[in-house]
$ cat target_36.cif   # mmCIF, C-alpha atoms and all ligand atoms
data_final
loop_
_atom_site.label_atom_id
_atom_site.label_comp_id
_atom_site.auth_asym_id
_atom_site.auth_seq_id
_atom_site.Cartn_x
_atom_site.Cartn_y
_atom_site.Cartn_z
CA MET A 1 66.61 115.15 70.36
CA HIS A 2 64.28 118.00 71.31
CA PRO A 3 60.93 116.41 72.30
CA ALA A 4 58.91 118.54 69.83
CA LEU A 5 61.18 117.54 66.94
CA ALA A 6 61.17 113.92 68.10
CA SER A 7 57.38 113.75 68.07
CA THR A 8 57.22 115.36 64.59
CA LEU A 9 59.75 112.86 63.32
CA SER A 10 58.05 109.85 64.83
CA ALA A 11 54.72 110.94 63.35
CA VAL A 12 56.25 111.11 59.86
CA ASP A 13 58.83 108.33 59.98
CA PRO A 14 58.61 106.09 63.03
CA GLU A 15 61.35 103.77 61.77
CA ILE A 16 64.00 106.49 61.53
CA ALA A 17 62.71 108.10 64.74
CA GLU A 18 63.18 104.83 66.59
CA LEU A 19 66.68 104.26 65.20
CA ILE A 20 67.79 107.77 66.18
CA ALA A 21 66.30 107.28 69.65
CA LEU A 22 68.19 103.98 70.01
CA GLU A 23 71.42 105.63 68.87
CA GLU A 24 70.89 108.37 71.44
CA VAL A 25 70.55 105.74 74.17
CA ARG A 26 73.69 104.01 72.86
CA GLN A 27 75.64 107.29 73.00
CA ARG A 28 74.33 107.86 76.53
CA ASP A 29 75.15 104.43 77.90
CA LYS A 30 78.58 103.84 76.39
CA VAL A 31 82.03 105.10 77.11
CA ARG A 32 82.80 106.56 73.70
CA LEU A 33 86.52 106.40 72.98
CA ILE A 34 86.67 106.81 69.19
CA ALA A 35 89.43 109.39 68.81
CA SER A 36 87.65 111.29 66.03
CA GLU A 37 84.28 111.58 67.80
CA ASN A 38 82.77 113.82 70.43
CA TYR A 39 79.44 115.12 71.81
CA VAL A 40 78.37 118.51 70.43
CA SER A 41 76.40 120.87 72.64
CA GLY A 42 72.65 121.30 72.38
CA ALA A 43 73.31 124.73 70.85
CA VAL A 44 75.45 123.27 68.07
CA LEU A 45 72.81 120.59 67.46
CA ALA A 46 70.05 123.20 67.27
CA ALA A 47 71.91 125.28 64.68
CA THR A 48 72.91 122.22 62.65
CA GLY A 49 69.36 120.84 62.66
CA SER A 50 67.84 124.18 61.65
CA ILE A 51 65.95 125.50 58.61
CA LEU A 52 69.28 126.58 57.15
CA THR A 53 69.32 123.15 55.52
CA ASN A 54 66.74 124.63 53.10
CA LYS A 55 69.14 127.21 51.66
CA TYR A 56 71.50 127.28 48.68
CA SER A 57 74.31 129.83 48.65
CA GLU A 58 77.01 129.03 46.10
CA GLY A 59 79.75 131.65 46.22
CA TYR A 60 81.06 133.65 49.14
CA ALA A 61 79.54 136.35 51.35
CA GLY A 62 78.68 139.38 49.20
CA LYS A 63 79.28 137.42 45.97
CA ARG A 64 76.69 134.67 45.68
CA TYR A 65 75.00 133.06 42.71
CA TYR A 66 71.61 132.87 44.44
CA GLU A 67 69.47 135.52 46.07
CA GLY A 68 68.14 135.54 49.63
CA GLN A 69 71.54 135.60 51.34
CA GLN A 70 70.77 138.37 53.83
CA TYR A 71 71.20 136.08 56.84
CA VAL A 72 73.42 133.35 55.42
CA ASP A 73 76.08 135.93 54.54
CA ARG A 74 76.06 137.12 58.13
CA ILE A 75 76.23 133.57 59.48
CA GLU A 76 79.17 132.60 57.26
CA THR A 77 80.98 135.86 58.07
CA LEU A 78 80.50 135.24 61.78
CA ALA A 79 81.89 131.71 61.44
CA ILE A 80 84.92 133.03 59.54
CA ASP A 81 85.57 135.88 62.00
CA ARG A 82 85.31 133.53 64.96
CA ALA A 83 87.67 131.01 63.37
CA LYS A 84 90.16 133.81 62.67
CA ALA A 85 89.93 134.93 66.29
CA VAL A 86 90.20 131.42 67.77
CA PHE A 87 93.17 130.36 65.64
CA GLY A 88 94.81 133.68 64.75
CA ALA A 89 94.56 132.96 61.02
CA GLU A 90 94.75 135.58 58.26
CA HIS A 91 92.17 133.87 56.07
CA VAL A 92 89.56 131.16 56.69
CA ASN A 93 87.29 129.16 54.41
CA VAL A 94 84.48 127.39 56.30
CA GLN A 95 82.86 125.72 53.31
CA PRO A 96 84.69 122.35 52.91
CA TYR A 97 82.22 119.52 53.47
CA SER A 98 84.72 117.62 55.60
CA GLY A 99 88.41 116.90 56.09
CA SER A 100 89.04 114.94 52.89
CA PRO A 101 87.45 117.58 50.61
CA ALA A 102 89.40 120.25 52.53
CA ASN A 103 92.64 118.41 51.80
CA LEU A 104 91.67 117.86 48.17
CA ALA A 105 91.15 121.59 47.81
CA ILE A 106 94.76 122.08 48.89
CA TYR A 107 95.92 119.80 46.06
CA PHE A 108 93.70 121.63 43.59
CA ALA A 109 94.98 124.99 44.76
CA PHE A 110 98.68 124.22 44.45
CA LEU A 111 99.36 121.08 42.36
CA LYS A 112 98.81 119.69 38.88
CA PRO A 113 98.21 115.95 38.44
CA GLY A 114 101.52 114.12 38.58
CA ASP A 115 103.18 116.66 40.88
CA THR A 116 104.90 115.33 43.97
CA VAL A 117 103.24 115.36 47.37
CA MET A 118 104.92 114.18 50.55
CA GLY A 119 102.97 113.00 53.59
CA MET A 120 103.00 110.57 56.46
CA ALA A 121 102.15 107.00 55.47
CA LEU A 122 98.75 105.78 56.65
CA PRO A 123 100.08 102.83 58.71
CA ALA A 124 102.48 105.20 60.48
CA GLY A 125 99.59 107.45 61.54
CA GLY A 126 99.01 109.64 58.46
CA HIS A 127 95.75 110.16 56.58
CA LEU A 128 94.50 108.64 53.32
CA THR A 129 94.50 112.08 51.69
CA HIS A 130 98.18 112.67 52.41
CA GLY A 131 99.09 110.57 49.37
CA TRP A 132 98.18 107.01 50.37
CA GLY A 133 97.93 104.71 47.34
CA VAL A 134 94.22 103.83 47.42
CA SER A 135 93.24 107.51 47.69
CA ILE A 136 92.89 109.81 44.69
CA THR A 137 95.80 111.72 46.22
CA GLY A 138 98.07 108.70 45.81
CA SER A 139 96.95 107.90 42.28
CA TYR A 140 96.63 111.31 40.57
CA PHE A 141 99.80 112.66 42.19
CA LYS A 142 103.27 111.27 42.74
CA ALA A 143 103.20 110.52 46.43
CA VAL A 144 106.23 109.95 48.61
CA GLN A 145 105.68 108.92 52.18
CA TYR A 146 107.59 109.22 55.42
CA GLY A 147 107.00 107.05 58.46
CA VAL A 148 108.18 106.72 62.02
CA ARG A 149 111.32 105.22 63.53
CA GLU A 150 111.05 101.52 64.29
CA ASP A 151 112.62 101.91 67.75
CA THR A 152 110.65 104.94 69.04
CA HIS A 153 107.60 105.04 66.73
CA ARG A 154 108.20 108.78 66.48
CA VAL A 155 108.90 110.76 63.32
CA ASP A 156 112.58 111.05 62.47
CA MET A 157 112.89 114.63 61.19
CA ASP A 158 116.31 113.87 59.70
CA ALA A 159 114.71 111.16 57.57
CA VAL A 160 111.92 113.56 56.57
CA ARG A 161 114.52 116.15 55.52
CA GLU A 162 116.49 113.58 53.56
CA LEU A 163 113.37 112.40 51.70
CA ALA A 164 112.29 115.98 50.98
CA ARG A 165 115.72 116.89 49.61
CA LYS A 166 115.69 113.81 47.37
CA GLU A 167 112.11 114.09 46.09
CA ARG A 168 111.62 117.92 46.11
CA PRO A 169 107.83 117.72 46.76
CA LYS A 170 105.66 120.62 45.71
CA LEU A 171 103.38 120.02 48.68
CA MET A 172 104.25 118.61 52.09
CA PHE A 173 101.72 117.44 54.70
CA ALA A 174 102.22 117.05 58.42
CA GLY A 175 99.60 115.65 60.78
CA GLY A 176 97.45 112.55 60.66
CA THR A 177 94.91 110.30 62.33
CA ALA A 178 96.86 108.13 64.74
CA ILE A 179 99.63 110.28 66.16
CA PRO A 180 99.74 110.15 69.96
CA ARG A 181 102.46 112.78 70.32
CA THR A 182 103.00 116.51 69.81
CA ILE A 183 103.55 117.44 66.17
CA GLU A 184 106.66 119.57 65.58
CA TRP A 185 105.18 122.04 63.10
CA ALA A 186 108.25 124.30 63.05
CA ALA A 187 110.56 121.47 62.03
CA TYR A 188 108.32 120.48 59.09
CA ALA A 189 107.98 124.12 58.04
CA GLU A 190 111.74 124.54 57.94
CA ILE A 191 112.12 121.49 55.68
CA ALA A 192 109.27 122.60 53.39
CA LYS A 193 110.87 126.01 53.07
CA GLU A 194 114.25 124.51 52.27
CA VAL A 195 112.86 122.45 49.37
CA GLY A 196 110.38 125.08 48.18
CA ALA A 197 107.25 123.06 49.09
CA ILE A 198 103.90 124.41 50.20
CA PHE A 199 103.54 123.32 53.82
CA ALA A 200 100.07 121.99 54.70
CA ALA A 201 99.37 121.20 58.35
CA ASP A 202 96.46 118.84 58.92
CA MET A 203 95.27 119.53 62.46
CA ALA A 204 91.95 117.68 62.12
CA HIS A 205 92.41 115.56 65.22
CA ILE A 206 93.84 118.24 67.44
CA SER A 207 92.18 121.50 66.36
CA GLY A 208 90.25 121.65 69.66
CA LEU A 209 93.50 121.25 71.56
CA VAL A 210 95.06 124.02 69.45
CA ALA A 211 92.02 126.25 70.06
CA GLY A 212 92.29 125.64 73.79
CA GLY A 213 96.06 126.08 73.95
CA ALA A 214 96.76 122.43 74.76
CA HIS A 215 98.81 121.73 71.61
CA PRO A 216 101.13 124.10 69.69
CA SER A 217 99.41 125.86 66.81
CA PRO A 218 100.53 125.23 63.23
CA ILE A 219 99.17 128.63 62.10
CA PRO A 220 102.47 130.54 62.47
CA TYR A 221 104.32 127.92 60.42
CA ALA A 222 102.03 126.58 57.71
CA ASP A 223 101.01 128.00 54.34
CA VAL A 224 97.68 126.31 54.80
CA VAL A 225 96.05 124.44 57.67
CA SER A 226 93.21 121.97 57.21
CA THR A 227 90.89 120.66 59.87
CA THR A 228 87.67 118.85 60.43
CA THR A 229 85.31 120.61 62.77
CA HIS A 230 83.81 117.71 64.71
CA LYS A 231 86.65 116.03 66.56
CA THR A 232 88.30 117.73 69.53
CA LEU A 233 86.91 121.07 68.24
CA ARG A 234 83.42 119.75 69.13
CA GLY A 235 81.50 121.26 66.22
CA PRO A 236 79.24 119.76 63.56
CA ARG A 237 80.56 117.39 60.88
CA GLY A 238 82.50 119.60 58.45
CA GLY A 239 85.84 120.95 57.34
CA MET A 240 87.72 124.22 57.35
CA LEU A 241 90.82 125.68 55.71
CA LEU A 242 92.94 128.39 57.29
CA CYS A 243 95.75 130.07 55.38
CA THR A 244 97.93 133.11 54.94
CA ALA A 245 96.50 136.07 53.05
CA ALA A 246 98.83 135.27 50.16
CA HIS A 247 97.05 131.95 49.52
CA ALA A 248 93.48 133.13 50.21
CA LYS A 249 92.40 133.43 46.57
CA ALA A 250 93.85 130.08 45.52
CA ILE A 251 92.20 128.28 48.45
CA ASP A 252 88.81 129.93 47.98
CA ARG A 253 88.79 129.17 44.25
CA ALA A 254 89.81 125.57 44.88
CA VAL A 255 86.92 125.01 47.31
CA PHE A 256 84.33 126.81 45.16
CA PRO A 257 83.95 126.50 42.23
CA GLY A 258 86.91 124.10 42.00
CA LEU A 259 85.64 121.24 44.07
CA GLN A 260 82.26 121.94 45.61
CA GLY A 261 78.89 123.51 44.95
CA GLY A 262 76.79 125.14 47.63
CA PRO A 263 78.09 125.18 51.18
CA HIS A 264 76.03 123.46 53.86
CA ASP A 265 74.72 126.55 55.62
CA HIS A 266 73.26 124.60 58.55
CA THR A 267 76.72 123.18 59.18
CA THR A 268 78.29 126.63 58.89
CA ALA A 269 75.87 127.90 61.56
CA GLY A 270 76.69 124.94 63.81
CA LEU A 271 80.38 125.65 63.31
CA ALA A 272 79.91 129.33 64.18
CA VAL A 273 78.28 128.24 67.45
CA ALA A 274 81.05 125.75 68.20
CA LEU A 275 83.67 128.44 67.55
CA ARG A 276 81.87 130.78 69.94
CA GLU A 277 82.04 127.98 72.52
CA ALA A 278 85.74 127.54 71.74
CA GLN A 279 86.32 131.23 72.54
CA GLN A 280 85.16 130.74 76.13
CA GLU A 281 87.57 130.30 79.01
CA SER A 282 85.88 126.96 79.78
CA PHE A 283 87.08 125.57 76.45
CA LYS A 284 90.70 126.01 77.55
CA THR A 285 89.89 123.95 80.62
CA TYR A 286 88.20 121.39 78.39
CA ALA A 287 91.16 121.11 75.99
CA HIS A 288 93.66 120.67 78.81
CA GLY A 289 91.27 118.19 80.43
CA ILE A 290 91.31 116.05 77.29
CA VAL A 291 95.11 115.81 77.44
CA ALA A 292 95.16 115.17 81.21
CA ASN A 293 92.63 112.37 80.72
CA SER A 294 94.61 110.87 77.86
CA ARG A 295 97.75 110.86 79.99
CA ALA A 296 95.85 109.36 82.95
CA LEU A 297 94.26 106.68 80.79
CA ALA A 298 97.61 105.86 79.15
CA ALA A 299 99.31 105.53 82.55
CA ALA A 300 96.53 103.31 83.88
CA MET A 301 96.59 101.14 80.75
CA ILE A 302 100.33 100.64 81.16
CA GLU A 303 99.71 99.54 84.77
CA HIS A 304 97.31 96.96 83.38
CA GLY A 305 99.96 95.59 81.03
CA PHE A 306 98.98 97.31 77.78
CA THR A 307 101.74 98.15 75.31
CA LEU A 308 101.35 101.70 74.02
CA ILE A 309 102.88 102.98 70.79
CA THR A 310 105.47 105.63 71.82
CA GLY A 311 104.83 104.62 75.44
CA GLY A 312 102.14 107.22 76.11
CA SER A 313 100.23 110.25 74.86
CA ASP A 314 100.71 114.03 74.61
CA ASN A 315 97.31 114.77 73.14
CA HIS A 316 93.85 113.18 73.03
CA LEU A 317 94.95 109.93 71.44
CA ILE A 318 96.41 106.61 72.54
CA LEU A 319 97.46 103.80 70.21
CA ALA A 320 97.80 100.41 71.89
CA ASP A 321 99.41 97.27 70.47
CA LEU A 322 97.33 94.29 71.63
CA THR A 323 99.92 91.72 70.53
CA THR A 324 101.14 91.44 74.12
CA LYS A 325 97.53 90.78 75.20
CA ASP A 326 97.32 87.88 72.73
CA VAL A 327 94.38 89.31 70.80
CA SER A 328 94.13 91.14 67.49
CA GLY A 329 92.92 94.73 67.36
CA LYS A 330 89.63 93.67 65.81
CA ILE A 331 88.87 91.02 68.42
CA GLY A 332 89.89 93.44 71.16
CA ALA A 333 87.73 96.26 69.79
CA LYS A 334 84.73 93.96 69.47
CA ALA A 335 85.16 92.66 73.03
CA LEU A 336 85.40 96.24 74.31
CA ASP A 337 82.32 97.28 72.36
CA ALA A 338 80.37 94.41 73.93
CA ALA A 339 81.65 95.63 77.29
CA GLY A 340 80.31 99.14 76.70
CA MET A 341 83.52 100.82 75.49
CA GLU A 342 83.47 101.94 71.89
CA LEU A 343 86.70 102.50 69.94
CA ASN A 344 88.27 101.39 66.66
CA TYR A 345 90.81 98.77 65.71
CA ASN A 346 93.80 100.38 64.05
CA SER A 347 97.04 99.53 62.32
CA ILE A 348 100.17 100.22 64.31
CA PRO A 349 103.52 101.22 62.80
CA PHE A 350 105.25 98.22 61.18
CA ASP A 351 102.12 96.15 61.73
CA LYS A 352 102.54 92.52 60.74
CA ARG A 353 98.76 92.11 60.46
CA LYS A 354 96.42 93.33 57.70
CA PRO A 355 94.54 96.69 57.98
CA PHE A 356 91.14 94.96 58.33
CA ASP A 357 92.39 92.91 61.27
CA PRO A 358 95.38 94.86 62.59
CA SER A 359 97.30 94.62 65.87
CA GLY A 360 96.17 97.85 67.47
CA ILE A 361 93.31 99.80 68.93
CA ARG A 362 93.01 103.59 68.86
CA ILE A 363 91.56 105.43 71.82
CA GLY A 364 90.58 109.08 72.29
CA THR A 365 89.47 111.06 75.32
CA ALA A 366 87.56 114.00 73.73
CA ALA A 367 84.07 112.57 74.26
CA VAL A 368 84.56 111.27 77.81
CA THR A 369 86.05 114.65 78.76
CA SER A 370 82.97 116.37 77.30
CA ARG A 371 80.94 114.32 79.82
CA GLY A 372 83.07 115.68 82.66
CA MET A 373 84.93 112.45 83.39
CA GLY A 374 88.40 112.80 84.93
CA ALA A 375 91.37 110.82 86.24
CA PRO A 376 89.42 108.41 88.54
CA GLU A 377 87.14 107.46 85.66
CA MET A 378 90.15 106.94 83.34
CA LYS A 379 91.57 104.48 85.88
CA GLN A 380 88.26 102.66 85.99
CA ILE A 381 88.04 102.53 82.18
CA ALA A 382 91.56 101.05 81.93
CA ALA A 383 90.62 98.38 84.49
CA TRP A 384 87.46 97.49 82.55
CA MET A 385 89.44 97.36 79.30
CA ALA A 386 91.96 94.95 80.80
CA ARG A 387 89.20 92.69 82.17
CA ALA A 388 87.24 92.63 78.91
CA ILE A 389 90.27 91.97 76.73
CA ALA A 390 91.59 89.21 78.99
CA ALA A 391 88.46 87.21 78.15
CA PRO A 392 87.60 88.24 74.59
CA ALA A 393 84.93 85.55 74.11
CA ASP A 394 83.22 85.86 77.51
CA ALA A 395 79.86 87.41 76.58
CA ALA A 396 78.56 87.20 80.16
CA LEU A 397 81.56 89.10 81.51
CA HIS A 398 81.20 91.72 78.79
CA ALA A 399 77.51 92.18 79.65
CA THR A 400 78.41 92.62 83.33
CA ILE A 401 81.05 95.24 82.51
CA ALA A 402 78.64 96.99 80.11
CA GLY A 403 76.21 97.29 83.05
CA GLU A 404 78.91 98.86 85.21
CA VAL A 405 79.80 101.23 82.35
CA ARG A 406 76.13 102.26 82.08
CA GLU A 407 76.06 103.07 85.80
CA LEU A 408 79.13 105.28 85.47
CA CYS A 409 77.75 107.01 82.39
CA ALA A 410 74.53 107.83 84.24
CA LYS A 411 76.61 109.98 86.61
CA PHE A 412 78.10 111.98 83.71
CA PRO A 413 75.32 113.30 81.44
CA ALA A 414 76.53 113.91 77.90
CA PRO A 415 76.17 117.34 76.26
CA GLY A 416 73.46 117.55 73.64
CA LEU A 417 71.54 114.48 74.79
CA LEU A 418 68.17 115.14 76.35
CA ILE A 419 67.78 111.67 77.85
N1 LIG A 501 88.00 109.02 59.94
C1 LIG A 501 88.85 109.96 60.61
C2 LIG A 501 89.42 109.37 61.85
O1 LIG A 501 88.76 108.54 62.45
O2 LIG A 501 90.51 109.73 62.25
C3 LIG A 501 89.91 110.44 59.72
O3 LIG A 501 89.42 110.67 58.45
#
$ encode --input "target_36.cif" --output "structure tokens"
Amino acid sequence: MHPALASTLSAVDPEIAELIALEEVRQRDKVRLIASENYVSGAVLAATGSILTNKYSEGYAGKRYYEGQQYVDRIETLAIDRAKAVFGAEHVNVQPYSGSPANLAIYFAFLKPGDTVMGMALPAGGHLTHGWGVSITGSYFKAVQYGVREDTHRVDMDAVRELARKERPKLMFAGGTAIPRTIEWAAYAEIAKEVGAIFAADMAHISGLVAGGAHPSPIPYADVVSTTTHKTLRGPRGGMLLCTAAHAKAIDRAVFPGLQGGPHDHTTAGLAVALREAQQESFKTYAHGIVANSRALAAAMIEHGFTLITGGSDNHLILADLTTKDVSGKIGAKALDAAGMELNYNSIPFDKRKPFDPSGIRIGTAAVTSRGMGAPEMKQIAAWMARAIAAPADAALHATIAGEVRELCAKFPAPGLLI
């Protein structure tokens, strides 16, 4: 945190100031491998932590329900114009509070309760909001779910087509949270068109890769694209919807006043900054670097005897099955955390274990790439992972590895941290 802000905060609330300072140290000293996390730049942090948090601005630029929008209108318009330029979209809404509200707005725009939605099942790599049972999307709508093939762990587009023909969904989602491979947007779009479904592409995990040209873009194929703004895109916590001009009105109405009140203008400003960063040539290098690191880490993990779902990675994400390492995902993730490597335990396709103690771990390379780490560091991380997981109860070993991790991290300062 900026020293002036830190001293103001600690004067007013020393407890919170200390906890934030400790978290900053934790983010500095750890290898952060949670696939949905990143480090934003100091510029994004400055905009997000600005006085814009004081403002209310229900409505859209030029049509607000509160006065005093002279600057907020310009900020939101800049964010929209930059998103259009980065992704080549006809229409953009930057107001969704995050990915789940963005997806809910899609339902509200196109479906009535009870209508059929088709999405990837959560255990296969989909998202809760793509119709999973415990989510509102699985209880207020008739959800049908596709998965992956048992032999390859990849989506079987013939099975998707067959299900779509049988169920005739009104809305079809592609994308998810634990997909280590390239998503074939065109194939989904063709099926959606055939059955008359709205095609929604959820690119939350990979929007930074799309922005940087390291993953195919869904924009030419989808009716509407949803994304979070804080994963590989490296912006503040938020959501965004991109769509064709034909759906602009329905999407805007669904976000406000359908689902939300005032947009979070400080987040919009942070997003505008992140999108400006994403327009730079260096962001292309960054996006390709994420994928190169994921491939390098996957290859090194395989050398250390890890079993990877689909056998590797095309994007920022690796899903490993720890069954062959004789530990559960939860025990493995906790051992790795103690050893300075932070990630999450995760279900794998056809998991025999329960979601709260599944067989897998999910790994992402967006944050380590933001620190400037490359292939040699990925090899080192895989070696540390193997050592830590081989002795899941050895606290002394984990503390030793955590010390080595700290030394490596000191050589790669993280964006946005001032320590
Ligand atoms: N929680 C996000 C993730 O970790 O992928 C998805 O909502």
$ atom_distance --input "target_36.cif" --atom1 "atom CA of Leu275 of chain A" --atom2 "atom CA of Gly126 of chain A"
25.9 Å
$ residues_around --input "target_36.cif" --residues "Val31 of chain A" --least-positions-apart "2" --cutoff "9 Å" --atoms "all atoms listed in the file" --output "list in words"
Gln27, Arg28, Asp29, Leu33, Gly340, Met341, Glu342, Leu343, Ala367, Val368, Ile381, Val405, Arg406, Leu408 and Cys409 of chain A
$ closest_atom_pairs --input "target_36.cif" --of "chain A" --to "ligand LIG 501 (chain A)" --cutoff "8 Å" --atoms "all atoms listed in the file" --output "CSV"
residue,atom,partner,partner_atom,distance
A:Ile34,CA,A:LIG501,O1,7.3
A:Ala35,CA,A:LIG501,O1,6.5
A:Ser36,CA,A:LIG501,O1,4.6
A:Glu37,CA,A:LIG501,O1,7.6
A:Gly99,CA,A:LIG501,O3,6.7
A:Ser100,CA,A:LIG501,O3,7.0
A:His127,CA,A:LIG501,O3,6.6
A:Leu128,CA,A:LIG501,O3,7.5
A:Gly176,CA,A:LIG501,O2,7.7
A:Thr177,CA,A:LIG501,O2,4.4
A:Ala178,CA,A:LIG501,O2,7.0
A:Ala204,CA,A:LIG501,C3,7.9
A:His205,CA,A:LIG501,O2,6.8
$ closest_residue --input "target_36.cif" --among "A:Leu297, A:Ile331, A:Ala201, A:Leu5" --to "Ala383 of chain A" --atoms "all atoms listed in the file"
A:Leu297
$ closest_residue --input "target_36.cif" --among "A:Arg64, A:Lys352, A:Lys142, A:His153" --to "Gly119 of chain A" --atoms "all atoms listed in the file"
A:Lys142
$ residues_around --input "target_36.cif" --residues "Asp321 of chain A" --least-positions-apart "2" --cutoff "10 Å" --atoms "only C-alpha atoms" --output "PyMOL selection string"
chain A and resi 306-309+319+323-329+345-349+351+358-362
$ residues_around --input "target_36.cif" --residues "Ala89 of chain A" --least-positions-apart "6" --cutoff "8 Å" --atoms "only C-alpha atoms" --output "ChimeraX atom specification"
/A:83,219,242-244
$ atom_distance --input "target_36.cif" --atom1 "atom CA of Pro413 of chain A" --atom2 "atom CA of Gly332 of chain A"
26.7 Å
$ residues_around --input "target_36.cif" --residues "Thr268 of chain A" --least-positions-apart "6" --cutoff "8 Å" --atoms "only C-alpha atoms" --output "ChimeraX atom specification"
/A:48,75-76,79,94-95
$ write_last_selection --input "target_36.cif" --atoms "C-alpha atoms" --output "tab-separated table (two decimals), keeping the file's coordinate frame"
chain	number	residue	atom	x	y	z
A	48	THR	CA	72.91	122.22	62.65
A	75	ILE	CA	76.23	133.57	59.48
A	76	GLU	CA	79.17	132.60	57.26
A	79	ALA	CA	81.89	131.71	61.44
A	94	VAL	CA	84.48	127.39	56.30
A	95	GLN	CA	82.86	125.72	53.31
$ closest_atom_pairs --input "target_36.cif" --of "segment 352-400 of chain A" --to "segment 414-419 of chain A" --cutoff "12 Å" --atoms "all atoms listed in the file" --output "Markdown table"
| residue | atom | partner | partner_atom | distance |
| --- | --- | --- | --- | --- |
| A:Ala366 | CA | A:Ala414 | CA | 11.8 |
| A:Ala367 | CA | A:Ala414 | CA | 8.5 |
| A:Val368 | CA | A:Ala414 | CA | 8.5 |
| A:Thr369 | CA | A:Ala414 | CA | 9.6 |
| A:Ser370 | CA | A:Ala414 | CA | 6.9 |
| A:Arg371 | CA | A:Ala414 | CA | 4.8 |
| A:Gly372 | CA | A:Ala414 | CA | 8.3 |
| A:Met373 | CA | A:Ala414 | CA | 10.1 |
$ write_last_selection --input "target_36.cif" --atoms "C-alpha atoms" --output "CSV table (one decimal), keeping the file's coordinate frame"
chain,number,residue,atom,x,y,z
A,366,ALA,CA,87.6,114.0,73.7
A,367,ALA,CA,84.1,112.6,74.3
A,368,VAL,CA,84.6,111.3,77.8
A,369,THR,CA,86.0,114.6,78.8
A,370,SER,CA,83.0,116.4,77.3
A,371,ARG,CA,80.9,114.3,79.8
A,372,GLY,CA,83.1,115.7,82.7
A,373,MET,CA,84.9,112.4,83.4
$ atom_distance --input "target_36.cif" --atom1 "atom CA of Tyr56 of chain A" --atom2 "atom CA of Gly88 of chain A"
29.0 Å
$ axis_aligned_box --input "target_36.cif" --around "segment 393-409 of chain A" --padding-each-side "8 Å" --output "JSON"
{"center_x": 80.5, "center_y": 96.3, "center_z": 80.0, "size_x": 24.9, "size_y": 37.5, "size_z": 27.7}
$ residues_around --input "target_36.cif" --residues "Ala300 of chain A" --least-positions-apart "5" --cutoff "12 Å" --atoms "only C-alpha atoms" --output "JSON, numbers by chain"
{"A": [293, 294, 295, 305, 306, 307, 308, 311, 312, 313, 318, 375, 376, 377, 378, 379, 380, 381, 382, 383, 384, 385, 386]}
$ closest_residue --input "target_36.cif" --among "A:Ile198, A:Ala269, A:Met1, A:Ala339" --to "Asp394 of chain A" --atoms "all atoms listed in the file"
A:Ala339
$ closest_residue --input "target_36.cif" --among "A:His288, A:Arg154, A:Lys55, A:Arg26" --to "Gly374 of chain A" --atoms "all atoms listed in the file"
A:His288
$ closest_residue --input "target_36.cif" --among "A:Glu167, A:Arg181, A:Ser135, A:Gln260" --to "Thr152 of chain A" --atoms "all atoms listed in the file"
A:Arg181
